[in-house]
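Working notes for the structure below.
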Number of protein chains: 4
Amino acid sequence: MEDFFSNIVESQLKEELIALRREFHKFPELGWQEFYTTGKIMEYLERIGIPFLYGKDIINRGFCWGRNETAIKEAEQVAVQRGMDAERIKKMEHVTGLAAIIEGKKEGPVVVLRFDMDGLPEEESSREERIPNKENFCSEHMGCMHACGHDGHMAIGLVLSKILWENREKLCGTVRIVFQPAEEGVRAGKAFATGGALKGADYFLSGHLGMGNQTGELVLGTYGFLATTKLDVEFIGVSAHAGASPERGKNALLAACSAVLALETLCQDSRGVSRINVGTMEAGSGRNVIADHALIRLETRGETTEIEEELHAKAVACVKGAAAMYGCRCQLKTQGGAPEAKSDKALIQRAKTALMEEELIGKEQGLIHTLYEEKPFQGSEDASYFMKEIQKHGGQALYLGIGSNITAPHHNIAFDFDENSLFTGVKVYFTIVKELMKGEE
Amino acid sequence: MEDFFSNIVESQLKEELIALRREFHKFPELGWQEFYTTGKIMEYLERIGIPFLYGKDIINRGFCWGRNETAIKEAEQVAVQRGMDAERIKKMEHVTGLAAIIEGKKEGPVVVLRFDMDGLPEEESSREERIPNKENFCSEHMGCMHACGHDGHMAIGLVLSKILWENREKLCGTVRIVFQPAEEGVRAGKAFATGGALKGADYFLSGHLGMGNQTGELVLGTYGFLATTKLDVEFIGVSAHAGASPERGKNALLAACSAVLALETLCQDSRGVSRINVGTMEAGSGRNVIADHALIRLETRGETTEIEEELHAKAVACVKGAAAMYGCRCQLKTQGGAPEAKSDKALIQRAKTALMEEELIGKEQGLIHTLYEEKPFQGSEDASYFMKEIQKHGGQALYLGIGSNITAPHHNIAFDFDENSLFTGVKVYFTIVKELMKGEE
Amino acid sequence: MEDFFSNIVESQLKEELIALRREFHKFPELGWQEFYTTGKIMEYLERIGIPFLYGKDIINRGFCWGRNETAIKEAEQVAVQRGMDAERIKKMEHVTGLAAIIEGKKEGPVVVLRFDMDGLPEEESSREERIPNKENFCSEHMGCMHACGHDGHMAIGLVLSKILWENREKLCGTVRIVFQPAEEGVRAGKAFATGGALKGADYFLSGHLGMGNQTGELVLGTYGFLATTKLDVEFIGVSAHAGASPERGKNALLAACSAVLALETLCQDSRGVSRINVGTMEAGSGRNVIADHALIRLETRGETTEIEEELHAKAVACVKGAAAMYGCRCQLKTQGGAPEAKSDKALIQRAKTALMEEELIGKEQGLIHTLYEEKPFQGSEDASYFMKEIQKHGGQALYLGIGSNITAPHHNIAFDFDENSLFTGVKVYFTIVKELMKGEE
Amino acid sequence: MEDFFSNIVESQLKEELIALRREFHKFPELGWQEFYTTGKIMEYLERIGIPFLYGKDIINRGFCWGRNETAIKEAEQVAVQRGMDAERIKKMEHVTGLAAIIEGKKEGPVVVLRFDMDGLPEEESSREERIPNKENFCSEHMGCMHACGHDGHMAIGLVLSKILWENREKLCGTVRIVFQPAEEGVRAGKAFATGGALKGADYFLSGHLGMGNQTGELVLGTYGFLATTKLDVEFIGVSAHAGASPERGKNALLAACSAVLALETLCQDSRGVSRINVGTMEAGSGRNVIADHALIRLETRGETTEIEEELHAKAVACVKGAAAMYGCRCQLKTQGGAPEAKSDKALIQRAKTALMEEELIGKEQGLIHTLYEEKPFQGSEDASYFMKEIQKHGGQALYLGIGSNITAPHHNIAFDFDENSLFTGVKVYFTIVKELMKGEE
């Protein structure tokens with residue numbers, strides 16, 4: 001490793017990281033629509049020669065939540081228009097994401113890393129003083145923006161792949177580097193966590209830039225991901241003329257209103273955080289017509305999976321009861337979800353030891369001046385599906401908080417992060433993977 | 001008949017009517033609690049020798065709605081304390097009401113008359129200028145009052161029984177004179193209408209004093225009884241400490257509130273009058289406890305039975321759905337009911353002709369100066385069960401409005417009626433029954 | 001009149017009526033967007049030389065309800081694209097509609113006629129067997145259709161204007177023929193009824209083709225227009241992240257849901273028909289965001305203006321209370337309205353007599369085989385504003401039902417009517433106006 | 001102290017404590033009704049000669065929440081019937097509770113102690129194996145029970161008063177020992193905390209037996225009292241006959257139902273525990289009458305006073321809005337309340353040191369084998385008003401958890417505690433007071 005991360009190479013790596021990140025930043029794509037992005041990652045891996053899996057080889061189609069098939073069709077065309085090979089997109093069979101597979105020279109553990117890929121439906125700020133504007137890598141995809149740092153995650157993942165590939169002779173075991181779409185709305189986590197990438201896996205690593213941690217800070221062992229379910233409910237009634245024959249209607253708007261009021265009463269819980277929100281409603285077709293449909297979009301969250309699952313079950317009973325009250329039907333559609341999860345203490349300690357041995361931490365010239373062994377996440381993130389899944393089979397998981405100064409809150413249109421943290425990310429991941437794959441001593 | 005209703009006898013009849021009415025007025029009893037009243041009617045009939053049926057011989061126990069068994073037990077004791085023979089009450093087997101049976105000398109039609117018996121849970125006004133107070137026949141039963149005129153109905157029914165019995169040699173067919181309990185809340189109508197009194201019946205007569213008609217007015221052919229159902233719904237949840245473990249509760253109060261709001265949205269109907277009311281709610285046991293029970297009392301009404309039945313079905317679905325919303329159960333209990341009904345035109349005409357032939361109507365000295373052939377009732381009345389039942393089997397029904405000046409609205413604590421109308425009532429009923437039972441001409 | 005309506009001329013009139021109707025049918029425009037239509041009517045009147053008023057001379061800008069200013073701007077451009085003179089449209093100052101003014105030779109009463117102009121937001125049926133499709137006058141304005149017969153009303157109004165103009169020497173008094181936009185949603189009635197057209201008026205006539213009446217039937221004296229108000233309510237709250245800081249939000253969706261449930265409980269009324277409907281809701285911006293806005297569209301109706309006004313007042317209190325419950329604001333916007341109204345009996349009789357004298361009714365060859373003197377309308381129609389307004393000042397009003405066989409219900413995409421009824425309409429209106437303006441006899 | 005707590009005296013003290021506790025246990029009285037209890041405490045103090053204050057000298061009448069004046073009148077009579085001097089009760093002027101005042105020989109701090117007095121509306125268990133039943137000190141006051149340990153608190157308070165009085169020559173400063181009524185429902189805390197007892201006070205001590213702590217455990221420094229408000233809301237509408245004239249009613253039941261549903265949506269808060277509960281509703285007078293009144297009893301709680309106050313403000317807005325929705329009025333009545341509070345760390349440490357010096361803690365023969373320096377309370381307790389009040393003026397507060405094995409949960413009808421803990425309580429309080437009043441060293 002020493003020679004690899006020599007000063008000279010470091011500067012090249014940093015340049016490459018920034019270039020990659022900026023390329024991704026220029027063309028953000030929404031969840032399940034990352035065709036151009038997936039194509040660019042494939043091209044990168046192919047150039048180096050790293051094998052990868054995609055489509056049904058790596059994705060459980062049964063849990064591809066929250067897809068908008070019409071928008072996906074359009075996104076495929078947009079990717080072609082931007083120059084992506086149409087054949088390549090066709091082979092994806094409408095599903096984005098992939099996993100690079102790097103086999104070490106000897107037997108050893110299976111280590112899975114996961115980086116997320118999607119942007120947000122926002123129009124990036126055009127304020128001139130922002131670096132993306134000054135240095136011309138602002139979003140060129142109208143109405144879409146990398147405002148959460150996933151562009152950086154992918155850059156880390158790719159450069160890390162390259163380094164691991166180049167060092168594959170020294171590694172014992174296998175690394176799988178998953179590029180996962182649709183993390184926003186926690187829509188793709190389960191499809192990938194149960195899609196093959198974790199088969200026989202021993203260790204799982206993922207993480208996030210920023211999230212309240214400054215450049216130079218590192219969190220080993222994030223916990224407190226809120227379990228969550230994203231649910232759409234359509235109430236279906238019968239329309240009728242409101243003046244002439246109201247008795248013939250079955251009022252879906254009333255069913256939805258009764259449901260909303262009831263849903264928001266459900267989350268008092270002494271065991272921990274419990275949240276419910278009905279964020280939107282669209283109902284009815286005209287002022288003088290009994291509404292025959294109403295769509296609500298809601299989410300439940302819980303500090304533990306137990307809290308969330310109970311709340312979710314109550315919510316389901318609630319909407320079904322509300323529909324029945326007015327003679328309506330209802331259709332429920334899961335649009336996303338994630339469980340609670342926490343990092344394994346043993347892996348935290350092992351990573352910490354390795355990072356200290358490599359002098360990444362604590363030294364005055366070290367990249368990391370402050371280490372938090374455990375810190376709550378305060379939100380939901382579907383990496384938790386990978387964590388739970390691997391832990392269920394006896395593996396260990398670690399979620400990293402990679403500090404990075406940010407210019408505005410995550411998801412804000414003025415969001416940007418400190419690109420220096422990309423190199424830190426690569427070194428941290430590489431150090432931990434090297435430790436896990438060093439073979440018997 | 002002529003000799004019977006001679007001037008001399010008339011004055012005796014009027015005296016008896018007033019005496020009987022005042023005796024009933026002194027001791028009103030609530031619905032299903034008319035033990036003293038039933039006993040007094042039995043004594044009257046026995047003195048004359050008129051046979052009667054009661055208990056399971058005349059009542060369908062399956063539809064004895066809206067009974068308060070605890071209060072009924074107490075009422076039995078109160079009746080004994082007031083001097084009624086305990087054996088007589090025991091024989092009633094906890095169910096009040098009876099039917100006098102008068103057989104004519106020859107074959108002929110079966111004519112059923114029905115008079116109601118119950119008082120209201122009100123404290124009679126003690127204002128000195130009222131006749132009941134001046135003449136000392138005010139209610140002696142605290143918290144209970146004949147404030148609707150049923151005392152008058154019973155007096156008419158008894159004197160009519162006596163006259164018909166005395167004239168039985170001249171009558172062709174059978175008269176059954178039903179004294180029905182629990183008309184308030186329309187609780188006993190179905191039990192009596194389906195309990196045997198209408199078996200093989202050809203004609204049905206009933207009526208009401210007052211109800212917007214003045215002394216000297218007569219309505220032949222009331223219509224527009226609103227169909228109605230009286231329903232109690234108990235929501236049953238699970239209690240829990242509201243501060244310490246709210247998640248363990250299943251909130252019956254919330255279920256009831258959701259139900260109430262939804263129920264009151266259900267009655268827009270282009271076909272006619274449709275009404276719903278949740279009149280009362282009692283819920284919960286303590287401020288800091290999740291409520292595990294909630295009781296609502298509601299009623300549905302409809303201008304037609306079709307409207308009411310549809311509304312009732314919607315209401316039932318509504319409360320069940322509301323219970324399901326919060327994981328609660330619900331128990332529904334019918335506490336009363338009545339269908340719509342209307343008088344038969346043929347019977348109206350036949351009655352009119354008879355009344356005119358007897359010169360009850362229209363003559364200057366006639367008892368009735370104004371006749372309405374049809375007039376709406378504007379309310380519910382469970383005589384409608386008898387009307388529907390007899391019409392279903394090919395018989396005819398007639399509901400009379402017997403005009404009587406009143407001192408305050410029905411159900412008001414200052415209510416009283418003009419006792420002169422009692423004699424008019426007897427003559428009208430007698431004249432119509434005589435016409436129906438006069439035999440072939 | 002005799003020579004005027006000779007057989008020869010009749011056939012020309014019929015041809016013209018059908019041609020005009022079809023021209024209007026080809027280019028329907030939504031309410032307040034009838035720029036092309038208004039322009040064509042102006043051109044027609046100008047060709048003949050009939051003076052007319054428009055814009056602020058005839059319209060009370062304070063009651064131009066339910067306007068969509070963006071769509072109106074676009075409609076102006078569309079009208080120009082279709083060939084209407086841009087200058088003419090500019091002069092309208094964004095408000096459609098006009099009134100032709102025909103002065104008779106002598107003093108006499110002021111007679112006001114009103115015809116409505118707008119189409120509906122529907123895509124006309126393309127079924128080949130329909131006459132509009134077979135004869136090529138189907139709507140050429142995508143998404144818009146004359147599906148209520150207003151195209152026929154305008155044809156009648158124009159031909160009637162021409163005949164009256166040609167006969168003006170024989171008329172005593174003044175005729176004002178109002179072409180009113182935006183009757184659908186009862187949006188423009190009040191603006192025109194209070195805008196000058198009724199100044200000093202003595203008689204008001206309006207009517208509708210079809211509406212349940214067959215060709216050959218005529219209703220003189222429609223009544224039972226339901227009073228109505230169309231109201232939009234916007235609830236405005238404060239958004240917040242539903243997971244991270246729900247306590248900071250003020251939930252506009254909850255306010256709207258509470259309002260909807262409460263609104264629909266308000267319309268039990270013993271005095272007559274009372275209706276309320278919340279037809280649509282749109283609320284919120286994202287699943288995980290406390291909704292900061294919610295828009296509901298509702299309408300109230302009443303058999304009498306008193307019922308409707310009370311209901312409307314209750315509805316306003318209700319939405320304001322609901323907003324206050326959740327710390328939200330609300331904005332109310334009236335989008336339409338109409339009072340109850342009924343035709344004057346004296347005018348019905350006068351019209352009937354005139355029609356019989358002209359032998360329009362009853363004769364075997366007469367245009368009208370069945371006359372109804374009074375018939376309920378069963379809906380709302382903002383001609384009622386004219387009727388109430390003129391009656392308030394001592395004038396008389398008459399609303400006609402001009403029978404016409406229809407191919408599908410009003411507002412259905414397959415709607416069409418029997419064009420023979422256009423000529424009947426012209427003759428009926430002309431006969432009545434002639435009677436009213438015949439001068440002293 | 002040494003001589004005082006000699007072994008011989010100890011046994012006498014223990015006997016007296018148990019005797020007093022059992023005397024109080026035999027006659028529990030509900031909050032604000034502790035007339036007999038107050039009288040017995042006065043008698044005890046008078047026997048010894050300890051001066052005391054009561055009534056307006058010690059109670060702020062403006063915050064006497066949750067009083068039932070009718071029940072209070074009856075309780076006064078019951079106390080006389082049980083043998084309490086009627087004159088003594090009359091002097092109380094309908095308000096229970098008192099404060100013993102013990103002046104030390106020298107200047108020094110003011111130390112306030114507070115013990116609560118009230119029982120619960122429960123029927124004590126009659127199971128024979130319970131000590132209260134075996135030893136014949138079960139409640140003789142039907143429907144009322146000391147099921148929370150306040151009988152023990154008073155016994156401690158009285159014996160402590162006696163010891164302090166006997167040692168008053170050695171004390172520097174003043175002790176005020178408050179016996180506070182109506183702790184259940186947190187009804188009297190504010191009235192006493194602002195009523196004079198804390199004037200110029202430097203230290204405040206209170207505590208509770210049991211509450212999850214076993215005999216031999218002591219908590220110095222309880223925290224986490226939930227702030228709370230107890231609120232009654234009466235909705236006042238207008239009644240009307242539900243069938244005949246529903247439009248005349250203003251439906252208080254609907255207002256209450258809208259309020260309940262809305263209230264229960266208000267407590268999602270990211271800052272900490274937030275609870276709301278509407279525990280009961282009573283509404284309406286009859287099934288067929290629009291309900292003109294509805295009473296709900298609710299409580300709000302918060303982990304901090306800030307959370308609770310915001311929630312309370314939202315709740316108030318909510319019920320007012322709900323009333324306005326239906327044209328109703330509402331009356332709000334605070335029935336109880338308590339703020340959050342925590343013990344002062346300096347006082348915890350000083351108490352700990354004193355207890356260790358006296359060898360109450362840690363020694364094998366010591367009374368206390370386990371000490372918790374801080375432990376959450378998990379509930380509400382209106383001693384918190386005293387704590388906040390004294391801290392506001394620069395004083396220090398300490399709330400003790402005095403361990404005691406219990407036989408059933410607090411408030412359960414089978415509740416009983418280990419009477420050995422009474423002596424521990426006296427020693428702990430005495431030790432701390434002695435430390436605080438030892439004068440300069």
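Here's how to read the names in the structure tokens: chain A, B, ... by the order shown, residue numbers from 1 in each chain, ligand numbers from 1 in the order shown.
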
Determine which residues of segment 187-311 of chain D DSSP labels as strand (DSSP E or B) from the backbone of this structure, then write them out as JSON, numbers by chain. {"D": [203, 204, 205, 206, 207, 208, 209, 217, 218, 219, 220, 222, 223, 224, 225, 227, 228, 229, 230, 231, 232, 233, 234, 235, 236, 238, 241, 250, 274, 275, 276, 277, 278, 279, 280, 281, 282, 283, 289, 293, 294, 295, 296, 297, 298, 299, 300, 301, 302]}

Can I get the selection written as a PDB file, in the first residue's frame, with C-alpha atoms?
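Generated file (again21.pdb):
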ATOM      1  CA  TYR D 203     -33.843  24.251  49.948  1.00  0.00           C
ATOM      2  CA  PHE D 204     -36.718  22.039  48.933  1.00  0.00           C
ATOM      3  CA  LEU D 205     -37.055  18.318  49.580  1.00  0.00           C
ATOM      4  CA  SER D 206     -39.752  15.895  48.569  1.00  0.00           C
ATOM      5  CA  GLY D 207     -39.930  12.301  47.457  1.00  0.00           C
ATOM      6  CA  HIS D 208     -41.923   9.160  46.908  1.00  0.00           C
ATOM      7  CA  LEU D 209     -41.988   5.665  48.311  1.00  0.00           C
ATOM      8  CA  GLU D 217     -32.524   1.402  47.280  1.00  0.00           C
ATOM      9  CA  LEU D 218     -32.385   5.180  47.357  1.00  0.00           C
ATOM     10  CA  VAL D 219     -32.576   7.627  44.475  1.00  0.00           C
ATOM     11  CA  LEU D 220     -31.048  11.012  45.149  1.00  0.00           C
ATOM     12  CA  THR D 222     -35.021  12.111  40.435  1.00  0.00           C
ATOM     13  CA  TYR D 223     -35.482  13.886  37.108  1.00  0.00           C
ATOM     14  CA  GLY D 224     -37.693  13.505  34.055  1.00  0.00           C
ATOM     15  CA  PHE D 225     -41.005  14.538  35.556  1.00  0.00           C
ATOM     16  CA  ALA D 227     -44.683  18.533  32.273  1.00  0.00           C
ATOM     17  CA  THR D 228     -48.438  18.231  32.010  1.00  0.00           C
ATOM     18  CA  THR D 229     -51.720  20.106  31.882  1.00  0.00           C
ATOM     19  CA  LYS D 230     -55.121  18.608  32.651  1.00  0.00           C
ATOM     20  CA  LEU D 231     -57.866  20.346  30.742  1.00  0.00           C
ATOM     21  CA  ASP D 232     -61.641  20.001  30.582  1.00  0.00           C
ATOM     22  CA  VAL D 233     -63.361  21.373  27.503  1.00  0.00           C
ATOM     23  CA  GLU D 234     -67.091  21.861  27.312  1.00  0.00           C
ATOM     24  CA  PHE D 235     -68.553  22.431  23.861  1.00  0.00           C
ATOM     25  CA  ILE D 236     -71.855  24.281  23.956  1.00  0.00           C
ATOM     26  CA  VAL D 238     -77.900  24.497  20.404  1.00  0.00           C
ATOM     27  CA  HIS D 241     -85.169  17.998  16.988  1.00  0.00           C
ATOM     28  CA  LYS D 250     -75.548  23.623  16.493  1.00  0.00           C
ATOM     29  CA  SER D 274     -44.878  14.520  23.738  1.00  0.00           C
ATOM     30  CA  ARG D 275     -48.224  13.017  24.684  1.00  0.00           C
ATOM     31  CA  ILE D 276     -51.849  13.930  24.386  1.00  0.00           C
ATOM     32  CA  ASN D 277     -54.890  11.981  25.440  1.00  0.00           C
ATOM     33  CA  VAL D 278     -58.566  12.693  25.398  1.00  0.00           C
ATOM     34  CA  GLY D 279     -59.652  10.206  28.008  1.00  0.00           C
ATOM     35  CA  THR D 280     -63.382  10.726  28.205  1.00  0.00           C
ATOM     36  CA  MET D 281     -66.352  12.250  26.432  1.00  0.00           C
ATOM     37  CA  GLU D 282     -69.916  12.762  27.565  1.00  0.00           C
ATOM     38  CA  ALA D 283     -72.233  14.346  25.040  1.00  0.00           C
ATOM     39  CA  VAL D 289     -81.926  15.557  19.652  1.00  0.00           C
ATOM     40  CA  HIS D 293     -73.247  19.925  24.910  1.00  0.00           C
ATOM     41  CA  ALA D 294     -70.201  17.721  24.957  1.00  0.00           C
ATOM     42  CA  LEU D 295     -67.548  17.491  27.637  1.00  0.00           C
ATOM     43  CA  ILE D 296     -64.097  16.103  26.971  1.00  0.00           C
ATOM     44  CA  ARG D 297     -61.329  15.555  29.509  1.00  0.00           C
ATOM     45  CA  LEU D 298     -57.840  15.687  28.143  1.00  0.00           C
ATOM     46  CA  GLU D 299     -54.226  15.938  29.178  1.00  0.00           C
ATOM     47  CA  THR D 300     -51.054  17.037  27.469  1.00  0.00           C
ATOM     48  CA  ARG D 301     -47.567  15.971  28.534  1.00  0.00           C
ATOM     49  CA  GLY D 302     -44.094  16.903  27.452  1.00  0.00           C
TER      50      GLY D 302
END

If you count only C-alpha atoms, which residues fall within 7 Å of Glu124 of chain A, apart from same-chain ones fewer than 5 positions away, as number ranges by chain? A: 139, 145, 413-414

Residues of segment 106-154 of chain D in alpha helix (DSSP H), written as a ChimeraX atom specification: /D:131-134,150-154

Store the residues picked out above in a file with C-alpha atoms, as a PDB file, in the first residue's frame.
ATOM      1  CA  ILE D 131     -51.515  -7.275  55.275  1.00  0.00           C
ATOM      2  CA  PRO D 132     -54.058  -4.426  55.441  1.00  0.00           C
ATOM      3  CA  ASN D 133     -56.769  -7.049  55.624  1.00  0.00           C
ATOM      4  CA  LYS D 134     -54.963  -9.434  57.955  1.00  0.00           C
ATOM      5  CA  HIS D 150     -49.349   8.955  50.463  1.00  0.00           C
ATOM      6  CA  ASP D 151     -50.422   7.499  53.840  1.00  0.00           C
ATOM      7  CA  GLY D 152     -46.767   6.558  54.325  1.00  0.00           C
ATOM      8  CA  HIS D 153     -45.595   9.982  53.203  1.00  0.00           C
ATOM      9  CA  MET D 154     -47.719  11.651  55.857  1.00  0.00           C
TER      10      MET D 154
END

Distance cut-off 12 Å, counting only C-alpha atoms - which residues of chain D neighbour chain C? Return them as a count of residues only. 57

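Residues with any atom within 10 Å of Gly216 of chain A, counting only C-alpha atoms and excluding same-chain neighbours fewer than 2 positions away, are Asn213, Gln214, Leu218, Ile361, Gly366, Leu367, Ile368, His369, Thr370, Leu371, Ile402, Gly403, Ser404, Asn405, Asn420, Ser421 and Thr424 of chain A.
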
What's the 12 Å shell around segment 57-63 of chain B, counting only C-alpha atoms, without same-chain residues fewer than 3 positions away, as an NGL selection string? :B and (52-54 or 66-67 or 92-101 or 176-182 or 186-199 or 333-338 or 385)

So which residues touch Leu164 of chain A within 12 Å, counting only C-alpha atoms, skipping near sequence neighbours fewer than 5 positions away, as a ChimeraX atom specification? /A:1,4,48,50,100-105,111,113,156-159,169-177,426-427,429-434,437

Do a neighbour search on Tyr36 of chain D at 10 Å with only C-alpha atoms, toss out local chain neighbours closer than 4 positions, and write the hits as a ChimeraX atom specification. /D:24,27-29,40-42,75-85,88-89,96

Just N, CA, C and O atoms for this one: save the residues we selected as a tab-separated table (two decimals), in the first residue's frame.
chain	number	residue	atom	x	y	z
D	24	PHE	N	-53.91	6.60	58.89
D	24	PHE	CA	-54.23	7.31	57.63
D	24	PHE	C	-54.81	6.34	56.59
D	24	PHE	O	-55.73	6.67	55.87
D	27	PHE	N	-58.56	5.69	56.63
D	27	PHE	CA	-59.52	6.67	56.16
D	27	PHE	C	-58.94	7.58	55.06
D	27	PHE	O	-58.67	8.77	55.28
D	28	PRO	N	-58.78	7.01	53.90
D	28	PRO	CA	-58.30	7.80	52.76
D	28	PRO	C	-59.37	8.80	52.32
D	28	PRO	O	-60.57	8.53	52.46
D	29	GLU	N	-58.94	9.90	51.79
D	29	GLU	CA	-59.88	10.91	51.27
D	29	GLU	C	-59.36	11.40	49.91
D	29	GLU	O	-58.15	11.51	49.71
D	40	LYS	N	-56.59	15.39	61.57
D	40	LYS	CA	-55.74	14.49	62.36
D	40	LYS	C	-54.30	15.02	62.43
D	40	LYS	O	-53.65	14.91	63.48
D	41	ILE	N	-53.82	15.56	61.34
D	41	ILE	CA	-52.46	16.11	61.34
D	41	ILE	C	-52.39	17.31	62.29
D	41	ILE	O	-51.45	17.45	63.08
D	42	MET	N	-53.41	18.17	62.23
D	42	MET	CA	-53.45	19.31	63.16
D	42	MET	C	-53.42	18.84	64.61
D	42	MET	O	-52.70	19.38	65.44
D	75	ALA	N	-67.74	15.82	51.78
D	75	ALA	CA	-66.57	15.30	52.50
D	75	ALA	C	-66.45	15.96	53.87
D	75	ALA	O	-66.05	15.33	54.85
D	76	GLU	N	-66.81	17.23	53.94
D	76	GLU	CA	-66.77	17.92	55.24
D	76	GLU	C	-67.70	17.24	56.23
D	76	GLU	O	-67.35	17.01	57.40
D	77	GLN	N	-68.90	16.89	55.75
D	77	GLN	CA	-69.86	16.24	56.63
D	77	GLN	C	-69.39	14.85	57.04
D	77	GLN	O	-69.54	14.43	58.19
D	78	VAL	N	-68.81	14.14	56.08
D	78	VAL	CA	-68.31	12.79	56.36
D	78	VAL	C	-67.23	12.85	57.43
D	78	VAL	O	-67.19	12.00	58.34
D	79	ALA	N	-66.37	13.86	57.35
D	79	ALA	CA	-65.30	13.99	58.34
D	79	ALA	C	-65.88	14.21	59.73
D	79	ALA	O	-65.41	13.64	60.73
D	80	VAL	N	-66.93	15.03	59.81
D	80	VAL	CA	-67.58	15.26	61.10
D	80	VAL	C	-68.20	13.95	61.61
D	80	VAL	O	-68.06	13.59	62.78
D	81	GLN	N	-68.88	13.25	60.69
D	81	GLN	CA	-69.49	11.98	61.09
D	81	GLN	C	-68.46	11.01	61.65
D	81	GLN	O	-68.73	10.22	62.54
D	82	ARG	N	-67.25	11.09	61.12
D	82	ARG	CA	-66.20	10.18	61.61
D	82	ARG	C	-65.60	10.68	62.93
D	82	ARG	O	-64.74	10.03	63.50
D	83	GLY	N	-66.01	11.85	63.33
D	83	GLY	CA	-65.58	12.29	64.65
D	83	GLY	C	-64.70	13.53	64.67
D	83	GLY	O	-64.25	13.96	65.73
D	84	MET	N	-64.44	14.10	63.55
D	84	MET	CA	-63.60	15.29	63.54
D	84	MET	C	-64.43	16.48	64.03
D	84	MET	O	-65.61	16.60	63.72
D	85	ASP	N	-63.79	17.33	64.78
D	85	ASP	CA	-64.45	18.51	65.33
D	85	ASP	C	-64.95	19.43	64.22
D	85	ASP	O	-64.19	19.87	63.35
D	88	ARG	N	-63.22	22.82	63.79
D	88	ARG	CA	-61.91	22.74	63.14
D	88	ARG	C	-62.09	22.73	61.61
D	88	ARG	O	-61.39	23.43	60.88
D	89	ILE	N	-63.04	21.96	61.16
D	89	ILE	CA	-63.28	21.87	59.71
D	89	ILE	C	-63.77	23.21	59.18
D	89	ILE	O	-63.33	23.67	58.12
D	96	THR	N	-58.21	22.07	52.19
D	96	THR	CA	-57.43	21.16	53.01
D	96	THR	C	-55.93	21.46	52.89
D	96	THR	O	-55.51	22.27	52.07

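Atom pair atom CA of Glu69 of chain B / atom CA of Lys90 of chain B has a distance of 14.8 Å (rounded to one decimal).
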